[in-house]
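> First the structure, which I've put down as structure tokens, then a few questions once you've had a look.
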Amino acid sequence: QVHLVASGGGLVQPGGSLRLSCAASESMLRISTMAWYRQAPGKERELVAFITTAGTTKYADSVTGRFTVSRENAKKMLYLQMNTLKPEDTAVYYCNYYRNPVGLIESWGQGTQVTVSS
């Protein structure tokens, strides 16, 4: 069972910003490509962004240019800076190992709700 706790979500107006944080184990961050995922009501969980141990990042087309993923291994933290938020970004956000397809992930930690609404 992974120990991952995402936080920082909330209610924000369209165009606003949020910064999500994820507390992970040091071993996970040190050796693994980590990712952010989200699941909107009635939809499947989807990949938002991932970051390798070398700092290489990749984003879903829907968030490219608006979201930034980063990591601080020494602090055992993963972050997702979300700018210019849209109502369609509303979802529960999770952090975890990067896996493709996402269905390969068997264990999920605590997510954080992001609601974008006026």
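Just so we're on the same page: first chain in the structure tokens is A, next is B, and so on; residues restart at 1 for each chain, and ligands are numbered from 1 in the order they show up.
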Skipping near chain neighbours, those fewer than 5 positions away, what residues fall within 12 Å of Glu88 of chain A using only C-alpha atoms, listed as an mmCIF file with N, CA, C and O atoms, in the first residue's frame?

```cif
data_model
loop_
_atom_site.group_PDB
_atom_site.id
_atom_site.type_symbol
_atom_site.label_atom_id
_atom_site.label_comp_id
_atom_site.auth_asym_id
_atom_site.auth_seq_id
_atom_site.Cartn_x
_atom_site.Cartn_y
_atom_site.Cartn_z
ATOM 1 N N GLN A 13 -12.269 30.211 -8.622
ATOM 2 C CA GLN A 13 -12.994 30.726 -9.771
ATOM 3 C C GLN A 13 -12.229 30.433 -11.067
ATOM 4 O O GLN A 13 -10.999 30.294 -11.046
ATOM 5 N N PRO A 14 -12.937 30.359 -12.170
ATOM 6 C CA PRO A 14 -12.238 30.189 -13.452
ATOM 7 C C PRO A 14 -11.181 31.272 -13.643
ATOM 8 O O PRO A 14 -11.418 32.446 -13.335
ATOM 9 N N GLY A 15 -10.028 30.839 -14.139
ATOM 10 C CA GLY A 15 -8.915 31.758 -14.306
ATOM 11 C C GLY A 15 -7.998 31.825 -13.104
ATOM 12 O O GLY A 15 -6.906 32.406 -13.181
ATOM 13 N N ARG A 38 -6.045 12.736 -12.271
ATOM 14 C CA ARG A 38 -7.298 13.309 -11.793
ATOM 15 C C ARG A 38 -8.464 12.456 -12.263
ATOM 16 O O ARG A 38 -8.375 11.760 -13.275
ATOM 17 N N GLN A 39 -9.532 12.544 -11.485
ATOM 18 C CA GLN A 39 -10.746 11.830 -11.833
ATOM 19 C C GLN A 39 -11.935 12.739 -11.617
ATOM 20 O O GLN A 39 -12.213 13.145 -10.485
ATOM 21 N N ALA A 40 -12.588 13.054 -12.703
ATOM 22 C CA ALA A 40 -13.792 13.877 -12.651
ATOM 23 C C ALA A 40 -15.012 12.974 -12.458
ATOM 24 O O ALA A 40 -14.965 11.791 -12.789
ATOM 25 N N PRO A 41 -16.098 13.514 -11.930
ATOM 26 C CA PRO A 41 -17.303 12.709 -11.717
ATOM 27 C C PRO A 41 -17.766 12.024 -13.003
ATOM 28 O O PRO A 41 -17.878 12.665 -14.052
ATOM 29 N N LYS A 43 -16.187 10.030 -14.853
ATOM 30 C CA LYS A 43 -15.128 9.796 -15.844
ATOM 31 C C LYS A 43 -14.032 8.908 -15.273
ATOM 32 O O LYS A 43 -13.901 8.759 -14.054
ATOM 33 N N SER A 62 -4.538 18.791 -22.456
ATOM 34 C CA SER A 62 -5.544 19.683 -21.877
ATOM 35 C C SER A 62 -4.980 20.645 -20.839
ATOM 36 O O SER A 62 -5.628 21.645 -20.513
ATOM 37 N N VAL A 63 -3.785 20.353 -20.312
ATOM 38 C CA VAL A 63 -3.219 21.214 -19.271
ATOM 39 C C VAL A 63 -1.893 21.842 -19.684
ATOM 40 O O VAL A 63 -1.342 22.663 -18.936
ATOM 41 N N VAL A 114 -10.487 19.464 -6.316
ATOM 42 C CA VAL A 114 -10.356 20.770 -6.944
ATOM 43 C C VAL A 114 -11.668 21.077 -7.648
ATOM 44 O O VAL A 114 -12.127 20.296 -8.482
ATOM 45 N N THR A 115 -12.270 22.195 -7.305
ATOM 46 C CA THR A 115 -13.521 22.615 -7.918
ATOM 47 C C THR A 115 -13.332 24.000 -8.505
ATOM 48 O O THR A 115 -12.960 24.941 -7.787
ATOM 49 N N VAL A 116 -13.565 24.112 -9.799
ATOM 50 C CA VAL A 116 -13.433 25.387 -10.496
ATOM 51 C C VAL A 116 -14.828 25.845 -10.907
ATOM 52 O O VAL A 116 -15.465 25.244 -11.767
ATOM 53 N N SER A 117 -15.287 26.890 -10.255
ATOM 54 C CA SER A 117 -16.650 27.337 -10.488
ATOM 55 C C SER A 117 -16.791 28.787 -10.081
ATOM 56 O O SER A 117 -16.147 29.244 -9.135
#
```
> Run DSSP on the backbone and give me the residues of segment 1-66 of chain A it puts in strand (DSSP E or B), as an MDAnalysis selection string.
chainID A and resid 5:7 10:12 18:23 34:39 46:51 57:59
> Please determine, counting only C-alpha atoms, which residue among A:Val92, A:Thr112, A:Gly65, A:Ser107 has the shortest atom-to-atom distance to Glu46 of chain A.
A:Val92
> Mind pulling up the distance from atom CA of Val102 of chain A to atom CA of Lys76 of chain A?
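According to the coordinates, atom CA of Lys76 of chain A and atom CA of Val102 of chain A are separated by 22.3 Å.
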> Work out how far apart atom CA of Asn73 of chain A and atom CA of Lys86 of chain A are and give it in Å to one decimal.
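Atom-to-atom, atom CA of Asn73 of chain A and atom CA of Lys86 of chain A are spaced 29.6 Å apart.
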> Would you give me, as CSV, each residue of segment 80-111 of chain A having an atom within 9 Å of an atom of segment 47-61 of chain A, along with its shortest atom pair and that distance in Å to one decimal, using only C-alpha atoms and sorting by chain and residue number?

```
residue,atom,partner,partner_atom,distance
A:Leu80,CA,A:Ala49,CA,8.6
A:Tyr93,CA,A:Val48,CA,8.9
A:Tyr97,CA,A:Phe50,CA,8.7
A:Tyr98,CA,A:Phe50,CA,6.5
A:Arg99,CA,A:Leu47,CA,8.9
A:Asn100,CA,A:Leu47,CA,8.7
A:Pro101,CA,A:Leu47,CA,8.8
A:Val102,CA,A:Leu47,CA,7.1
```
> Could you name the residues that touch Gln81 of chain A at 12 Å or less, counting only C-alpha atoms, but leaving out those on the same chain fewer than 5 positions away, as a ChimeraX atom specification?
/A:8-9,16-22,36,48-49,63-71
> What's the separation between atom CA of His3 of chain A and atom CA of Trp108 of chain A, in Å to one decimal place?
8.2 Å
> Using only C-alpha atoms, find the one residue out of A:Ser32, A:Ile105, A:Gln113, A:Ser25 that sits nearest to Asp89 of chain A.
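Looking only at the distances to Asp89 of chain A, the closest residue turns out to be A:Gln113.
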> So which one's closest to Ser118 of chain A, A:Leu11, A:Met82, A:Ala6, A:Arg45? Using only C-alpha atoms, please.
A:Leu11
